[in-house]
Every structure is written in C-alpha cells, then in structure tokens.
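Colleague: This structure is in structure tokens; I'll ask about it shortly.
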Amino acid sequence: MTAVLTDGSEARKAAQPFLMAQHARLSNVRIVWAFTDAKPPKKFTCKAFASITILTPLHRYLSAGGGGEEEAADVAIVLNRVLWYACTPVQQRWVLDDALEHIWLDEDGALSLREHDIEAFSGVLERQGIPFDSMRHAARVIRQLGQEAMG
C-alpha cells in the first residue's frame, strides 16, 4: 500500500516562531511541509518522525504547480502523522527544530543535508530541552559515565 501525503501546514505554523529566530540561515529556503500516513517503524529514531529531502529540479517544478520558479519549494519535510499526534507540543517543537538543523546552506547558497553533529544536536537540546524518555535515559547514562570517569 502506498503512503498518502497530506498538507502539513499545521507543522509549518508550529515551526514558524523559531524558524527565523534559530534558523535564520534558512530565511530564503522554501520548505514544503507534509504528513504521511505510513506506518511508523517500531524503533525510535529521528528519521521515524521526519524525512527531509532536497528537491530535484523535477520535484521543484512539480511543487510550483505550474507556477514560476518563485513558487517552487527547495526542501520537503514529511512528518509521520501517527508519531506527530502521539507527541506533546514540546516534543513536536523538538522534532521540528531537529529537522531544520539537518538543512544546511553553504556559502555559495547550495543546499545539503547534514547528519547530526554534536553542536547542532546540543543546540536543539539547549533550545527545546530533553522531551523524550529515551533521551532522558541516555542523559542519565552519560552523566553516570562522566561521574565514574572523574573518579
């Protein structure tokens, strides 16, 4: 069965308050937001929540709906609808902030996706906190290991 995509304007609106504040580098990047009804994987990963894609020229053309270049999207962020509605608003903001951190714009204006690095991940944690139980558990383990290493 093919997954169905639907309008993600709810996620776009939720991201808007911090999009410009924390992700100003993306001010000229056009992002299309969508939800998928695909069955979420059993294992928790960031990719389970959001799929981020730099659009190809064909997809940019299709995203414009026959309009001009100014209407074309640059990036698509597709969120899993089941996981989205299972999250609290705090968790939703974390998912959105994390997704935006993956979009990178270099000095020449070329878009790319980047994996987590410690600075980007730390930034999301500082801004949004630790909203998931699995992350809180990992933080406790890291603290414990740090205390043991300090002796």
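Chain labels run A, B, ... following the order of the structure tokens; each chain numbers its residues from 1, and ligands are numbered from 1 in the order shown.
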I want to know what sits within 10 Å of Ala99 of chain A, based on only C-alpha atoms, with residues of the same chain fewer than 4 positions away left out; could you give that as a VMD selection string?
Modeller: chain A and resid 46 to 47 49 to 52 77 to 79 93 to 95 103 113 124
Colleague: Filtering to N, CA, C and O atoms, could you give me those residues as a compact mmCIF listing (two decimals), in the first residue's frame?
Modeller:
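Printed below is again-v6.txt as written:
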# COMPACT_ATOMS: atom_id res chain seq x y z
N CYS A 46 15.16 9.69 14.85
CA CYS A 46 14.69 10.98 14.33
C CYS A 46 14.07 10.80 12.95
O CYS A 46 13.11 11.47 12.59
N LYS A 47 14.63 9.87 12.17
CA LYS A 47 14.11 9.63 10.82
C LYS A 47 12.71 9.04 10.86
O LYS A 47 11.97 9.14 9.88
N PHE A 49 10.35 10.16 12.68
CA PHE A 49 9.47 11.31 12.79
C PHE A 49 9.42 12.14 11.52
O PHE A 49 8.37 12.59 11.11
N ALA A 50 10.59 12.38 10.92
CA ALA A 50 10.66 13.33 9.82
C ALA A 50 11.62 12.85 8.75
O ALA A 50 12.71 12.38 9.05
N SER A 51 11.20 13.01 7.52
CA SER A 51 12.05 12.74 6.37
C SER A 51 12.29 14.08 5.69
O SER A 51 11.34 14.80 5.37
N ILE A 52 13.55 14.43 5.49
CA ILE A 52 13.90 15.71 4.89
C ILE A 52 14.56 15.44 3.55
O ILE A 52 15.46 14.61 3.46
N ILE A 77 9.81 18.54 3.96
CA ILE A 77 9.87 17.88 5.26
C ILE A 77 8.55 17.12 5.43
O ILE A 77 7.48 17.72 5.44
N VAL A 78 8.68 15.79 5.49
CA VAL A 78 7.50 14.94 5.62
C VAL A 78 7.52 14.30 7.01
O VAL A 78 8.47 13.62 7.37
N LEU A 79 6.48 14.58 7.76
CA LEU A 79 6.37 14.10 9.14
C LEU A 79 5.40 12.93 9.22
O LEU A 79 4.38 12.92 8.52
N ARG A 93 7.78 20.47 18.88
CA ARG A 93 8.76 21.54 18.62
C ARG A 93 10.17 20.97 18.50
O ARG A 93 10.96 21.40 17.66
N TRP A 94 10.50 19.99 19.34
CA TRP A 94 11.81 19.37 19.27
C TRP A 94 12.01 18.71 17.91
O TRP A 94 13.05 18.86 17.29
N VAL A 95 11.00 17.96 17.45
CA VAL A 95 11.08 17.27 16.15
C VAL A 95 11.29 18.29 15.02
O VAL A 95 12.14 18.10 14.14
N ILE A 103 19.07 20.79 7.63
CA ILE A 103 19.16 21.52 6.36
C ILE A 103 20.33 22.48 6.44
O ILE A 103 20.39 23.33 7.33
N LEU A 113 21.98 18.22 3.06
CA LEU A 113 21.52 17.68 4.34
C LEU A 113 22.73 17.22 5.10
O LEU A 113 23.68 16.70 4.53
N VAL A 124 19.79 22.01 19.66
CA VAL A 124 18.38 21.61 19.77
C VAL A 124 18.05 21.29 21.23
O VAL A 124 17.02 21.71 21.75
Colleague: Excluding same-chain residues fewer than 5 positions from segment 29-31 of chain A, what lies within 6 Å of it counting only C-alpha atoms, as JSON, numbers by chain?
Modeller: {"A": [73, 74, 75, 76]}
Colleague: Would you list the contacts of Arg25 of chain A as a JSON list (two decimals) with N, CA, C and O atoms, in the first residue's frame, taking every protein, DNA or RNA residue within 12 Å and counting only C-alpha atoms, but skipping same-chain residues closer than 5 positions in sequence?
Modeller:
[["chain", "number", "residue", "atom", "x", "y", "z"],
["A", 19, "LEU", "N", 11.59, 29.30, 13.57],
["A", 19, "LEU", "CA", 12.28, 29.15, 12.30],
["A", 19, "LEU", "C", 13.20, 30.33, 12.04],
["A", 19, "LEU", "O", 14.39, 30.16, 11.76],
["A", 20, "MET", "N", 12.69, 31.53, 12.18],
["A", 20, "MET", "CA", 13.50, 32.71, 11.91],
["A", 20, "MET", "C", 14.45, 33.02, 13.07],
["A", 20, "MET", "O", 15.54, 33.52, 12.86],
["A", 30, "ARG", "N", 12.72, 27.77, 0.63],
["A", 30, "ARG", "CA", 11.28, 27.48, 0.61],
["A", 30, "ARG", "C", 11.09, 26.01, 1.00],
["A", 30, "ARG", "O", 11.61, 25.11, 0.34],
["A", 100, "LEU", "N", 14.94, 20.97, 11.06],
["A", 100, "LEU", "CA", 15.52, 22.17, 10.46],
["A", 100, "LEU", "C", 17.04, 22.20, 10.60],
["A", 100, "LEU", "O", 17.73, 22.73, 9.73],
["A", 101, "GLU", "N", 17.56, 21.62, 11.68],
["A", 101, "GLU", "CA", 19.02, 21.57, 11.87],
["A", 101, "GLU", "C", 19.71, 20.74, 10.79],
["A", 101, "GLU", "O", 20.89, 20.93, 10.53],
["A", 103, "ILE", "N", 19.07, 20.79, 7.63],
["A", 103, "ILE", "CA", 19.16, 21.52, 6.36],
["A", 103, "ILE", "C", 20.33, 22.48, 6.44],
["A", 103, "ILE", "O", 20.39, 23.33, 7.33],
["A", 104, "TRP", "N", 21.25, 22.35, 5.51],
["A", 104, "TRP", "CA", 22.46, 23.16, 5.53],
["A", 104, "TRP", "C", 22.56, 23.97, 4.25],
["A", 104, "TRP", "O", 22.30, 23.48, 3.16],
["A", 105, "LEU", "N", 22.93, 25.22, 4.40],
["A", 105, "LEU", "CA", 23.11, 26.14, 3.28],
["A", 105, "LEU", "C", 24.56, 26.61, 3.32],
["A", 105, "LEU", "O", 24.97, 27.24, 4.29],
["A", 106, "ASP", "N", 25.33, 26.29, 2.28],
["A", 106, "ASP", "CA", 26.75, 26.69, 2.31],
["A", 106, "ASP", "C", 26.93, 28.13, 1.84],
["A", 106, "ASP", "O", 25.96, 28.81, 1.50],
["A", 107, "GLU", "N", 28.18, 28.58, 1.82],
["A", 107, "GLU", "CA", 28.49, 29.98, 1.47],
["A", 107, "GLU", "C", 28.02, 30.33, 0.07],
["A", 107, "GLU", "O", 27.75, 31.50, -0.23],
["A", 109, "GLY", "N", 25.32, 29.18, -1.33],
["A", 109, "GLY", "CA", 23.87, 29.07, -1.40],
["A", 109, "GLY", "C", 23.38, 27.67, -1.78],
["A", 109, "GLY", "O", 22.20, 27.49, -2.03],
["A", 110, "ALA", "N", 24.29, 26.70, -1.83],
["A", 110, "ALA", "CA", 23.89, 25.33, -2.17],
["A", 110, "ALA", "C", 23.32, 24.63, -0.93],
["A", 110, "ALA", "O", 23.89, 24.72, 0.15],
["A", 111, "LEU", "N", 22.21, 23.97, -1.12],
["A", 111, "LEU", "CA", 21.56, 23.23, -0.04],
["A", 111, "LEU", "C", 22.09, 21.82, 0.06],
["A", 111, "LEU", "O", 22.39, 21.18, -0.95]]
Colleague: Please list as a compact mmCIF listing (two decimals) with C-alpha atoms, in the first residue's frame every residue within 12 Å of Ala48 of chain A, counting only C-alpha atoms and excluding residues in the same chain fewer than 3 positions away.
Modeller:
# COMPACT_ATOMS: atom_id res chain seq x y z
CA THR A 36 2.48 10.82 5.74
CA ASP A 37 0.18 8.09 6.94
CA ALA A 38 2.93 5.47 6.55
CA LYS A 39 3.15 3.03 9.44
CA PRO A 40 5.90 4.25 11.79
CA PRO A 41 8.83 1.94 12.48
CA LYS A 42 9.00 0.24 15.86
CA LYS A 43 12.44 1.65 16.66
CA PHE A 44 12.64 5.28 17.77
CA THR A 45 14.84 7.39 15.52
CA SER A 51 12.05 12.74 6.37
CA ILE A 52 13.90 15.71 4.89
CA VAL A 78 7.50 14.94 5.62
CA LEU A 79 6.37 14.10 9.14
CA ASN A 80 4.81 10.86 10.29
CA ARG A 81 1.23 11.75 11.22
CA VAL A 82 0.85 8.95 13.82
CA LEU A 83 4.01 9.95 15.67
CA TRP A 84 3.20 13.67 15.36
CA VAL A 95 11.08 17.27 16.15
CA ALA A 99 14.54 18.57 11.26
Colleague: Leaving out Ala72 of chain A and any residue of its chain fewer than 5 positions from it, which residues lie within 9 Å of it when counting only C-alpha atoms, given as a PyMOL selection string?
Modeller: chain A and resi 30+59-65+67
Colleague: Hey, can you check how far atom CA of Ala15 of chain A sits from atom CA of Thr53 of chain A?
Modeller: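 Going from atom CA of Ala15 of chain A over to atom CA of Thr53 of chain A, I get 17.1 Å.
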